[in-house]
Amino acid sequence: MVLLQPDRFLSELTSMYERSTEKGSVWVTMKRSSLKGKAQLQKMEKKGKEVEYRCLVRASDGKKSISTSVSLKEYAKFQASYATVLKAHMHALKKRERKDRKKAADAEKAPETVPKKQKKSSSKKSSGSKS
């Protein structure tokens with residue numbers, strides 16, 4: 001996985017979305033990370049040093065994986081740029097079919113006009129066993 005600068009990451013993410021317009025998917029994950037190992041974090045906590053957490057953003061299209069690390073100060077700018085990229089490439093999504101609320105409410109209130117048919121209970125007579 002390649003760790004890129006945030007601007008370079010966004011441009012690579014844009015090209016991933018463009019490659020997968022006809023067929024394919026792009027997975028993006030975000031999580032909090034300090035980019036340090038557990039041993040280093042424990043040492044820092046024992047010494048009383050404050051740990052700076054960053055936002056780790058990863059993207060993959062199945063063939064290529066990229067990632068970036070964004071600090072708290074850069075996060076608002078990155079999020080705005082990321083939202084712009086997402087809005088530009090979400091044109092392939094289907095719109096949700098919405099039901100008319102009045103029609104749905106009337107359908108729930110209307111009583112059933114056709115009575116339900118009762119199922120016949122079938123009872124099989126068991127015949128004695130032949131010996």
# chains A, B, ... in the order shown; residues from 1 in each chain; ligands from 1

$ residues_around --residues "A:Leu4" --least-positions-apart "2" --cutoff "7 Å" --atoms "only C-alpha atoms" --output "MDAnalysis selection string"
chainID A and resid 2 6 8:9 67:68

$ write_last_selection --atoms "C-alpha atoms" --output "short mmCIF file (atom, residue, chain, number, x, y, z; two decimals), in the first residue's frame"
data_model
loop_
_atom_site.label_atom_id
_atom_site.label_comp_id
_atom_site.auth_asym_id
_atom_site.auth_seq_id
_atom_site.Cartn_x
_atom_site.Cartn_y
_atom_site.Cartn_z
CA VAL A 2 1.31 3.39 -0.98
CA PRO A 6 -3.59 14.18 0.63
CA ARG A 8 -2.05 13.30 -4.61
CA PHE A 9 -4.38 10.80 -2.90
CA SER A 67 -3.68 5.53 1.39
CA THR A 68 -3.03 8.85 3.06
#

$ residues_around --residues "stretch 24-36 of chain A" --least-positions-apart "2" --cutoff "7 Å" --atoms "only C-alpha atoms" --output "list in words"
Tyr17, Ser20, Glu22, Lys38, Gln40, Leu41, Glu52, Tyr53, Arg54, Cys55, Leu56, Val57, Arg58, Ala59, Ser60 and Asp61 of chain A

$ write_last_selection --atoms "all heavy atoms" --output "short mmCIF file (atom, residue, chain, number, x, y, z; two decimals), in the first residue's frame"
data_model
loop_
_atom_site.label_atom_id
_atom_site.label_comp_id
_atom_site.auth_asym_id
_atom_site.auth_seq_id
_atom_site.Cartn_x
_atom_site.Cartn_y
_atom_site.Cartn_z
N TYR A 17 -11.99 6.15 -9.55
CA TYR A 17 -13.43 6.25 -9.83
C TYR A 17 -13.69 6.27 -11.33
O TYR A 17 -14.65 5.66 -11.80
CB TYR A 17 -14.03 7.49 -9.18
CG TYR A 17 -14.38 7.31 -7.73
CD1 TYR A 17 -13.86 8.16 -6.76
CD2 TYR A 17 -15.22 6.29 -7.30
CE1 TYR A 17 -14.19 8.01 -5.43
CE2 TYR A 17 -15.55 6.13 -5.98
CZ TYR A 17 -15.03 6.99 -5.04
OH TYR A 17 -15.36 6.83 -3.72
N SER A 20 -13.43 2.83 -12.87
CA SER A 20 -14.47 1.88 -12.47
C SER A 20 -15.88 2.37 -12.79
O SER A 20 -16.84 1.89 -12.20
CB SER A 20 -14.36 1.60 -10.98
OG SER A 20 -14.64 2.75 -10.23
N GLU A 22 -17.69 2.03 -15.65
CA GLU A 22 -18.47 1.02 -16.38
C GLU A 22 -18.68 -0.23 -15.55
O GLU A 22 -19.77 -0.77 -15.49
CB GLU A 22 -17.77 0.66 -17.69
CG GLU A 22 -17.70 1.79 -18.68
CD GLU A 22 -19.08 2.26 -19.12
OE1 GLU A 22 -19.97 1.42 -19.35
OE2 GLU A 22 -19.26 3.48 -19.22
N LYS A 38 2.26 -0.59 18.80
CA LYS A 38 1.76 -0.67 20.17
C LYS A 38 2.87 -0.42 21.19
O LYS A 38 2.65 0.24 22.21
CB LYS A 38 1.12 -2.03 20.43
CG LYS A 38 -0.20 -2.21 19.77
CD LYS A 38 -0.83 -3.53 20.15
CE LYS A 38 -2.18 -3.70 19.49
NZ LYS A 38 -2.81 -4.97 19.86
N GLN A 40 5.59 1.44 20.87
CA GLN A 40 5.91 2.87 20.90
C GLN A 40 4.83 3.65 21.64
O GLN A 40 5.13 4.57 22.40
CB GLN A 40 6.06 3.42 19.49
CG GLN A 40 7.33 2.99 18.80
CD GLN A 40 7.40 3.55 17.38
OE1 GLN A 40 6.38 3.77 16.74
NE2 GLN A 40 8.63 3.77 16.91
N LEU A 41 3.56 3.28 21.44
CA LEU A 41 2.47 3.97 22.12
C LEU A 41 2.54 3.77 23.63
O LEU A 41 2.31 4.70 24.41
CB LEU A 41 1.12 3.48 21.59
CG LEU A 41 0.74 3.92 20.19
CD1 LEU A 41 -0.54 3.25 19.74
CD2 LEU A 41 0.59 5.43 20.13
N GLU A 52 -0.45 11.97 19.17
CA GLU A 52 -1.21 12.68 18.15
C GLU A 52 -1.84 11.66 17.21
O GLU A 52 -1.15 10.89 16.55
CB GLU A 52 -0.30 13.61 17.33
CG GLU A 52 -1.06 14.36 16.25
CD GLU A 52 -0.15 15.11 15.30
OE1 GLU A 52 1.04 15.26 15.59
OE2 GLU A 52 -0.67 15.52 14.25
N TYR A 53 -3.16 11.65 17.20
CA TYR A 53 -3.86 10.74 16.30
C TYR A 53 -4.16 11.45 14.99
O TYR A 53 -4.38 12.65 14.96
CB TYR A 53 -5.16 10.25 16.95
CG TYR A 53 -4.91 9.25 18.05
CD1 TYR A 53 -4.92 9.64 19.37
CD2 TYR A 53 -4.63 7.93 17.74
CE1 TYR A 53 -4.68 8.72 20.38
CE2 TYR A 53 -4.39 7.00 18.74
CZ TYR A 53 -4.42 7.40 20.05
OH TYR A 53 -4.19 6.49 21.04
N ARG A 54 -4.14 10.67 13.92
CA ARG A 54 -4.40 11.18 12.58
C ARG A 54 -5.52 10.35 11.97
O ARG A 54 -5.89 9.31 12.50
CB ARG A 54 -3.13 11.07 11.74
CG ARG A 54 -1.95 11.82 12.35
CD ARG A 54 -0.67 11.58 11.60
NE ARG A 54 -0.67 12.07 10.24
CZ ARG A 54 -0.40 13.32 9.88
NH1 ARG A 54 -0.12 14.21 10.80
NH2 ARG A 54 -0.39 13.67 8.62
N CYS A 55 -6.03 10.79 10.85
CA CYS A 55 -7.06 10.05 10.12
C CYS A 55 -6.37 9.31 8.98
O CYS A 55 -5.78 9.93 8.10
CB CYS A 55 -8.12 11.00 9.59
SG CYS A 55 -9.44 10.15 8.71
N LEU A 56 -6.45 8.00 9.02
CA LEU A 56 -5.87 7.17 7.97
C LEU A 56 -6.97 6.84 6.98
O LEU A 56 -8.00 6.28 7.34
CB LEU A 56 -5.28 5.89 8.56
CG LEU A 56 -4.64 4.92 7.59
CD1 LEU A 56 -3.43 5.56 6.91
CD2 LEU A 56 -4.22 3.66 8.31
N VAL A 57 -6.77 7.22 5.72
CA VAL A 57 -7.77 6.99 4.67
C VAL A 57 -7.17 6.04 3.66
O VAL A 57 -6.07 6.27 3.15
CB VAL A 57 -8.16 8.32 3.97
CG1 VAL A 57 -9.27 8.09 2.97
CG2 VAL A 57 -8.56 9.37 4.99
N ARG A 58 -7.89 4.96 3.39
CA ARG A 58 -7.43 3.95 2.43
C ARG A 58 -8.46 3.81 1.32
O ARG A 58 -9.66 3.89 1.56
CB ARG A 58 -7.27 2.60 3.11
CG ARG A 58 -6.21 2.58 4.17
CD ARG A 58 -6.20 1.23 4.83
NE ARG A 58 -5.19 1.18 5.86
CZ ARG A 58 -5.24 0.38 6.90
NH1 ARG A 58 -6.26 -0.43 7.07
NH2 ARG A 58 -4.28 0.38 7.79
N ALA A 59 -7.99 3.53 0.12
CA ALA A 59 -8.88 3.30 -1.03
C ALA A 59 -8.33 2.15 -1.85
O ALA A 59 -7.11 2.01 -2.01
CB ALA A 59 -9.00 4.55 -1.88
N SER A 60 -9.24 1.33 -2.36
CA SER A 60 -8.83 0.19 -3.18
C SER A 60 -9.90 -0.07 -4.23
O SER A 60 -11.09 0.04 -3.95
CB SER A 60 -8.64 -1.04 -2.30
OG SER A 60 -8.36 -2.16 -3.10
N ASP A 61 -9.45 -0.45 -5.41
CA ASP A 61 -10.39 -0.85 -6.45
C ASP A 61 -10.25 -2.33 -6.77
O ASP A 61 -10.77 -2.81 -7.76
CB ASP A 61 -10.21 0.00 -7.71
CG ASP A 61 -8.85 -0.17 -8.35
OD1 ASP A 61 -7.98 -0.83 -7.78
OD2 ASP A 61 -8.66 0.39 -9.46
#

$ select_by_dssp --residues "stretch 58-94 of chain A" --states "alpha helix (DSSP H)" --output "mmCIF file with C-alpha atoms, in the first residue's frame"
data_model
loop_
_atom_site.group_PDB
_atom_site.id
_atom_site.type_symbol
_atom_site.label_atom_id
_atom_site.label_comp_id
_atom_site.auth_asym_id
_atom_site.auth_seq_id
_atom_site.Cartn_x
_atom_site.Cartn_y
_atom_site.Cartn_z
ATOM 1 C CA LEU A 72 -6.439 17.247 12.554
ATOM 2 C CA LYS A 73 -5.486 20.654 11.144
ATOM 3 C CA GLU A 74 -5.773 19.491 7.513
ATOM 4 C CA TYR A 75 -8.889 17.384 8.025
ATOM 5 C CA ALA A 76 -11.552 20.033 7.282
ATOM 6 C CA LYS A 77 -9.889 20.984 3.979
ATOM 7 C CA PHE A 78 -9.408 17.319 3.046
ATOM 8 C CA GLN A 79 -13.025 16.441 3.867
ATOM 9 C CA ALA A 80 -14.324 19.251 1.654
ATOM 10 C CA SER A 81 -12.140 18.111 -1.259
ATOM 11 C CA TYR A 82 -13.115 14.464 -0.682
ATOM 12 C CA ALA A 83 -16.820 15.378 -0.719
ATOM 13 C CA THR A 84 -16.341 17.150 -4.053
ATOM 14 C CA VAL A 85 -14.727 14.029 -5.541
ATOM 15 C CA LEU A 86 -17.557 11.829 -4.248
ATOM 16 C CA LYS A 87 -20.288 14.106 -5.588
ATOM 17 C CA ALA A 88 -18.630 14.209 -8.993
#

$ atom_distance --atom1 "atom CA of A:Ser71" --atom2 "atom CA of A:Val51"
12.3 Å

$ atom_distance --atom1 "atom CA of A:Glu97" --atom2 "atom CA of A:Glu18"
26.5 Å

$ select_by_dssp --residues "stretch 9-104 of chain A" --states "strand (DSSP E)" --output "VMD selection string"
chain A and resid 27 to 33 54 to 60 65 to 70

$ atom_distance --atom1 "atom CA of A:Met1" --atom2 "atom CA of A:Lys23"
22.8 Å

$ decode --residues "stretch 4-44 of chain A" --atoms "N, CA and C atoms" --output "PDB file, in the first residue's frame"
ATOM      1  N   LEU A   4       0.377   8.299   0.343  1.00  0.00           N
ATOM      2  CA  LEU A   4       0.517   9.494  -0.487  1.00  0.00           C
ATOM      3  C   LEU A   4       0.172  10.761   0.295  1.00  0.00           C
ATOM      4  N   GLN A   5       0.547  11.896  -0.258  1.00  0.00           N
ATOM      5  CA  GLN A   5       0.116  13.176   0.285  1.00  0.00           C
ATOM      6  C   GLN A   5      -1.382  13.333  -0.010  1.00  0.00           C
ATOM      7  N   PRO A   6      -2.136  14.070   0.822  1.00  0.00           N
ATOM      8  CA  PRO A   6      -3.590  14.178   0.627  1.00  0.00           C
ATOM      9  C   PRO A   6      -4.025  14.643  -0.759  1.00  0.00           C
ATOM     10  N   ASP A   7      -3.338  15.632  -1.341  1.00  0.00           N
ATOM     11  CA  ASP A   7      -3.727  16.108  -2.678  1.00  0.00           C
ATOM     12  C   ASP A   7      -3.490  15.047  -3.744  1.00  0.00           C
ATOM     13  N   ARG A   8      -2.368  14.379  -3.665  1.00  0.00           N
ATOM     14  CA  ARG A   8      -2.047  13.301  -4.611  1.00  0.00           C
ATOM     15  C   ARG A   8      -3.024  12.136  -4.440  1.00  0.00           C
ATOM     16  N   PHE A   9      -3.409  11.855  -3.190  1.00  0.00           N
ATOM     17  CA  PHE A   9      -4.378  10.798  -2.904  1.00  0.00           C
ATOM     18  C   PHE A   9      -5.711  11.089  -3.580  1.00  0.00           C
ATOM     19  N   LEU A  10      -6.175  12.329  -3.480  1.00  0.00           N
ATOM     20  CA  LEU A  10      -7.454  12.699  -4.092  1.00  0.00           C
ATOM     21  C   LEU A  10      -7.417  12.584  -5.610  1.00  0.00           C
ATOM     22  N   SER A  11      -6.291  12.931  -6.211  1.00  0.00           N
ATOM     23  CA  SER A  11      -6.198  12.802  -7.670  1.00  0.00           C
ATOM     24  C   SER A  11      -6.159  11.327  -8.084  1.00  0.00           C
ATOM     25  N   GLU A  12      -5.467  10.481  -7.315  1.00  0.00           N
ATOM     26  CA  GLU A  12      -5.451   9.042  -7.597  1.00  0.00           C
ATOM     27  C   GLU A  12      -6.836   8.433  -7.376  1.00  0.00           C
ATOM     28  N   LEU A  13      -7.537   8.908  -6.349  1.00  0.00           N
ATOM     29  CA  LEU A  13      -8.890   8.422  -6.078  1.00  0.00           C
ATOM     30  C   LEU A  13      -9.826   8.783  -7.222  1.00  0.00           C
ATOM     31  N   THR A  14      -9.664   9.970  -7.763  1.00  0.00           N
ATOM     32  CA  THR A  14     -10.460  10.395  -8.916  1.00  0.00           C
ATOM     33  C   THR A  14     -10.215   9.479 -10.105  1.00  0.00           C
ATOM     34  N   SER A  15      -8.967   9.145 -10.353  1.00  0.00           N
ATOM     35  CA  SER A  15      -8.670   8.247 -11.481  1.00  0.00           C
ATOM     36  C   SER A  15      -9.207   6.843 -11.217  1.00  0.00           C
ATOM     37  N   MET A  16      -9.218   6.393  -9.964  1.00  0.00           N
ATOM     38  CA  MET A  16      -9.816   5.087  -9.632  1.00  0.00           C
ATOM     39  C   MET A  16     -11.304   5.082  -9.945  1.00  0.00           C
ATOM     40  N   TYR A  17     -11.991   6.150  -9.553  1.00  0.00           N
ATOM     41  CA  TYR A  17     -13.426   6.247  -9.834  1.00  0.00           C
ATOM     42  C   TYR A  17     -13.689   6.273 -11.332  1.00  0.00           C
ATOM     43  N   GLU A  18     -12.862   6.954 -12.088  1.00  0.00           N
ATOM     44  CA  GLU A  18     -13.054   7.031 -13.534  1.00  0.00           C
ATOM     45  C   GLU A  18     -12.816   5.678 -14.204  1.00  0.00           C
ATOM     46  N   ARG A  19     -11.841   4.909 -13.701  1.00  0.00           N
ATOM     47  CA  ARG A  19     -11.586   3.575 -14.262  1.00  0.00           C
ATOM     48  C   ARG A  19     -12.727   2.613 -13.958  1.00  0.00           C
ATOM     49  N   SER A  20     -13.431   2.827 -12.872  1.00  0.00           N
ATOM     50  CA  SER A  20     -14.473   1.882 -12.474  1.00  0.00           C
ATOM     51  C   SER A  20     -15.881   2.367 -12.791  1.00  0.00           C
ATOM     52  N   THR A  21     -16.043   3.304 -13.714  1.00  0.00           N
ATOM     53  CA  THR A  21     -17.378   3.806 -14.026  1.00  0.00           C
ATOM     54  C   THR A  21     -18.239   2.753 -14.709  1.00  0.00           C
ATOM     55  N   GLU A  22     -17.694   2.031 -15.652  1.00  0.00           N
ATOM     56  CA  GLU A  22     -18.466   1.024 -16.381  1.00  0.00           C
ATOM     57  C   GLU A  22     -18.684  -0.233 -15.550  1.00  0.00           C
ATOM     58  N   LYS A  23     -17.643  -0.690 -14.911  1.00  0.00           N
ATOM     59  CA  LYS A  23     -17.745  -1.929 -14.146  1.00  0.00           C
ATOM     60  C   LYS A  23     -16.712  -1.892 -13.029  1.00  0.00           C
ATOM     61  N   GLY A  24     -17.142  -2.254 -11.843  1.00  0.00           N
ATOM     62  CA  GLY A  24     -16.212  -2.303 -10.729  1.00  0.00           C
ATOM     63  C   GLY A  24     -16.649  -1.420  -9.577  1.00  0.00           C
ATOM     64  N   SER A  25     -15.909  -1.501  -8.492  1.00  0.00           N
ATOM     65  CA  SER A  25     -16.209  -0.747  -7.289  1.00  0.00           C
ATOM     66  C   SER A  25     -14.935  -0.167  -6.706  1.00  0.00           C
ATOM     67  N   VAL A  26     -15.109   0.858  -5.905  1.00  0.00           N
ATOM     68  CA  VAL A  26     -13.993   1.449  -5.174  1.00  0.00           C
ATOM     69  C   VAL A  26     -14.398   1.453  -3.703  1.00  0.00           C
ATOM     70  N   TRP A  27     -13.549   0.906  -2.874  1.00  0.00           N
ATOM     71  CA  TRP A  27     -13.800   0.859  -1.432  1.00  0.00           C
ATOM     72  C   TRP A  27     -12.917   1.886  -0.743  1.00  0.00           C
ATOM     73  N   VAL A  28     -13.531   2.711   0.098  1.00  0.00           N
ATOM     74  CA  VAL A  28     -12.792   3.729   0.844  1.00  0.00           C
ATOM     75  C   VAL A  28     -13.067   3.512   2.322  1.00  0.00           C
ATOM     76  N   THR A  29     -12.009   3.463   3.125  1.00  0.00           N
ATOM     77  CA  THR A  29     -12.160   3.322   4.571  1.00  0.00           C
ATOM     78  C   THR A  29     -11.395   4.434   5.267  1.00  0.00           C
ATOM     79  N   MET A  30     -11.932   4.852   6.400  1.00  0.00           N
ATOM     80  CA  MET A  30     -11.277   5.867   7.226  1.00  0.00           C
ATOM     81  C   MET A  30     -11.220   5.358   8.647  1.00  0.00           C
ATOM     82  N   LYS A  31     -10.103   5.609   9.308  1.00  0.00           N
ATOM     83  CA  LYS A  31     -10.020   5.237  10.714  1.00  0.00           C
ATOM     84  C   LYS A  31      -8.993   6.106  11.427  1.00  0.00           C
ATOM     85  N   ARG A  32      -9.107   6.137  12.737  1.00  0.00           N
ATOM     86  CA  ARG A  32      -8.175   6.900  13.552  1.00  0.00           C
ATOM     87  C   ARG A  32      -6.919   6.073  13.746  1.00  0.00           C
ATOM     88  N   SER A  33      -5.782   6.705  13.595  1.00  0.00           N
ATOM     89  CA  SER A  33      -4.523   5.990  13.719  1.00  0.00           C
ATOM     90  C   SER A  33      -3.444   6.944  14.196  1.00  0.00           C
ATOM     91  N   SER A  34      -2.473   6.400  14.913  1.00  0.00           N
ATOM     92  CA  SER A  34      -1.346   7.216  15.346  1.00  0.00           C
ATOM     93  C   SER A  34      -0.121   6.951  14.484  1.00  0.00           C
ATOM     94  N   LEU A  35      -0.210   5.942  13.618  1.00  0.00           N
ATOM     95  CA  LEU A  35       0.882   5.518  12.744  1.00  0.00           C
ATOM     96  C   LEU A  35       2.110   5.053  13.544  1.00  0.00           C
ATOM     97  N   LYS A  36       1.882   4.595  14.749  1.00  0.00           N
ATOM     98  CA  LYS A  36       2.957   4.061  15.585  1.00  0.00           C
ATOM     99  C   LYS A  36       2.548   2.677  16.047  1.00  0.00           C
ATOM    100  N   GLY A  37       3.514   1.865  16.379  1.00  0.00           N
ATOM    101  CA  GLY A  37       3.239   0.526  16.866  1.00  0.00           C
ATOM    102  C   GLY A  37       2.768   0.551  18.320  1.00  0.00           C
ATOM    103  N   LYS A  38       2.261  -0.591  18.804  1.00  0.00           N
ATOM    104  CA  LYS A  38       1.762  -0.667  20.175  1.00  0.00           C
ATOM    105  C   LYS A  38       2.866  -0.422  21.191  1.00  0.00           C
ATOM    106  N   ALA A  39       4.060  -0.923  20.919  1.00  0.00           N
ATOM    107  CA  ALA A  39       5.174  -0.749  21.856  1.00  0.00           C
ATOM    108  C   ALA A  39       5.542   0.731  21.981  1.00  0.00           C
ATOM    109  N   GLN A  40       5.591   1.441  20.866  1.00  0.00           N
ATOM    110  CA  GLN A  40       5.905   2.868  20.901  1.00  0.00           C
ATOM    111  C   GLN A  40       4.826   3.653  21.638  1.00  0.00           C
ATOM    112  N   LEU A  41       3.564   3.282  21.444  1.00  0.00           N
ATOM    113  CA  LEU A  41       2.469   3.973  22.121  1.00  0.00           C
ATOM    114  C   LEU A  41       2.540   3.766  23.630  1.00  0.00           C
ATOM    115  N   GLN A  42       2.866   2.549  24.056  1.00  0.00           N
ATOM    116  CA  GLN A  42       2.966   2.268  25.492  1.00  0.00           C
ATOM    117  C   GLN A  42       4.111   3.048  26.113  1.00  0.00           C
ATOM    118  N   LYS A  43       5.232   3.144  25.421  1.00  0.00           N
ATOM    119  CA  LYS A  43       6.369   3.922  25.928  1.00  0.00           C
ATOM    120  C   LYS A  43       6.005   5.394  26.060  1.00  0.00           C
ATOM    121  N   MET A  44       5.276   5.920  25.067  1.00  0.00           N
ATOM    122  CA  MET A  44       4.890   7.327  25.097  1.00  0.00           C
ATOM    123  C   MET A  44       3.924   7.603  26.250  1.00  0.00           C
TER     124      MET A  44
END
